[in-house]
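Q: What follows is a structure written as structure tokens; I'll ask about it next.
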Amino acid sequence: MDMIADATQVAHHEAARQAHAAVNAAVASGRAAARSGEYLTFRLGGEEYGIDILRVQEIRSYEPPTRIANAPHFIKGVVNLRGVIVPIVDLRLKLGCDSAEYNGFTVVIVLNVRGRVVGAVVDSVSDVLELGADHIKPAPELASGIDSGFITGIGSIKQGQGDDATERMLILMDIEGLMSAADMGLMDAH
């Protein structure tokens, strides 16, 4: 019985060591690493993404914002949210999705990023998932022409059982890093 407990302890220690090493490697490469925790999942085109639930303030139905002159194409404008003027960013346009249709499923995820309230337009919200470190893989290294700096990892969720089991892939993003990037123009550079 002690051997089983010892083996379990060694396995947990090794998993923690590997997770710590992945975080250190990500930090050394200048990229954020996804951590275990709860993620709000949403769809952009045919892909599913996840962001740290602690950054989410609320989810609202899409309403056309007031357009701001000379704003980048992905900043749709601003809305008044209970007295707070909130810039609205269409993540589908920012991340280069094929299309950006506005329909009954289109929602705005209201985020709190570095003390600033920002809205992110997405195709639809899926659910909130708890992901452990064993379900998160490091973000892949992609060609230099592809901006993957805001991808912190890939979540892998098994659905179903036995031969019918499928794997659901989830692209985990550093929404704070994306929204505070210089080309967004939403935050002061600090």
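Numbering starts fresh at 1 for the residues of each chain in the structure tokens, the chains themselves are lettered A, B, ... in the order given, and ligands are numbered from 1 as they appear.
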When you look at Asn103 of chain A with a cut-off of 10 Å (counting only C-alpha atoms), what residues show up, excluding the ones that are within fewer than 5 positions of it in the same chain? I need them as a PDB file with C-alpha atoms, in the first residue's frame.

A:
ATOM      1  CA  SER A  61     -25.886  40.691 -26.311  1.00  0.00           C
ATOM      2  CA  TYR A  62     -24.365  42.607 -29.203  1.00  0.00           C
ATOM      3  CA  ASP A 123     -19.451  34.696 -32.404  1.00  0.00           C
ATOM      4  CA  SER A 124     -20.884  32.941 -29.337  1.00  0.00           C
TER       5      SER A 124
END

Q: How many Å separate atom CA of Asp183 of chain A from atom CA of His73 of chain A?

A: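 Distance reported for this atom pair: 11.6 Å.
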
Q: As a list of chain:residue names, please: the residues near Arg114 of chain A (cut-off 10 Å, only C-alpha atoms, same-chain neighbours under 4 positions excluded).

A: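 Returned residues: A:Arg55, A:Glu176, A:Gly177, A:Met179, A:Ser180, A:Met187.
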
Q: May I have the residues from that selection written out with N, CA and C atoms, as a PDB file, in the first residue's frame?

A:
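Heads up, here's the output in result-v5.pdb:
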ATOM      1  N   ARG A  55     -10.977  37.581 -15.710  1.00  0.00           N
ATOM      2  CA  ARG A  55     -10.921  38.820 -16.486  1.00  0.00           C
ATOM      3  C   ARG A  55     -12.314  39.252 -16.967  1.00  0.00           C
ATOM      4  N   GLU A 176      -5.463  39.700 -21.609  1.00  0.00           N
ATOM      5  CA  GLU A 176      -4.898  40.950 -21.085  1.00  0.00           C
ATOM      6  C   GLU A 176      -3.763  41.434 -21.976  1.00  0.00           C
ATOM      7  N   GLY A 177      -2.890  40.525 -22.384  1.00  0.00           N
ATOM      8  CA  GLY A 177      -1.794  40.884 -23.280  1.00  0.00           C
ATOM      9  C   GLY A 177      -2.293  41.372 -24.627  1.00  0.00           C
ATOM     10  N   MET A 179      -5.329  42.712 -25.369  1.00  0.00           N
ATOM     11  CA  MET A 179      -6.036  43.990 -25.263  1.00  0.00           C
ATOM     12  C   MET A 179      -5.108  45.155 -24.911  1.00  0.00           C
ATOM     13  N   SER A 180      -3.984  44.861 -24.286  1.00  0.00           N
ATOM     14  CA  SER A 180      -3.069  45.950 -23.920  1.00  0.00           C
ATOM     15  C   SER A 180      -1.908  46.099 -24.902  1.00  0.00           C
ATOM     16  N   MET A 187      -4.625  50.958 -24.193  1.00  0.00           N
ATOM     17  CA  MET A 187      -3.960  51.157 -22.902  1.00  0.00           C
ATOM     18  C   MET A 187      -2.706  51.999 -23.103  1.00  0.00           C
TER      19      MET A 187
END

Q: Interatomic distance between atom CA of Glu48 of chain A and atom CA of Gly153 of chain A?

A: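 About the pair atom CA of Glu48 of chain A and atom CA of Gly153 of chain A: they are 12.6 Å apart.
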
Q: Can you list, as an NGL selection string, every residue of segment 35-115 of chain A that DSSP puts in alpha helix (DSSP H)?

A: :A and (91-94)

Q: Residues as selected, C-alpha atoms, written as a PDB file, in the first residue's frame, can you do that?

A:
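Writing the result to out00.pdb gives the following:
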ATOM      1  CA  LEU A  91     -11.892  39.830 -31.964  1.00  0.00           C
ATOM      2  CA  ARG A  92     -12.933  38.173 -35.218  1.00  0.00           C
ATOM      3  CA  LEU A  93     -11.531  41.103 -37.196  1.00  0.00           C
ATOM      4  CA  LYS A  94      -8.492  41.534 -34.936  1.00  0.00           C
TER       5      LYS A  94
END
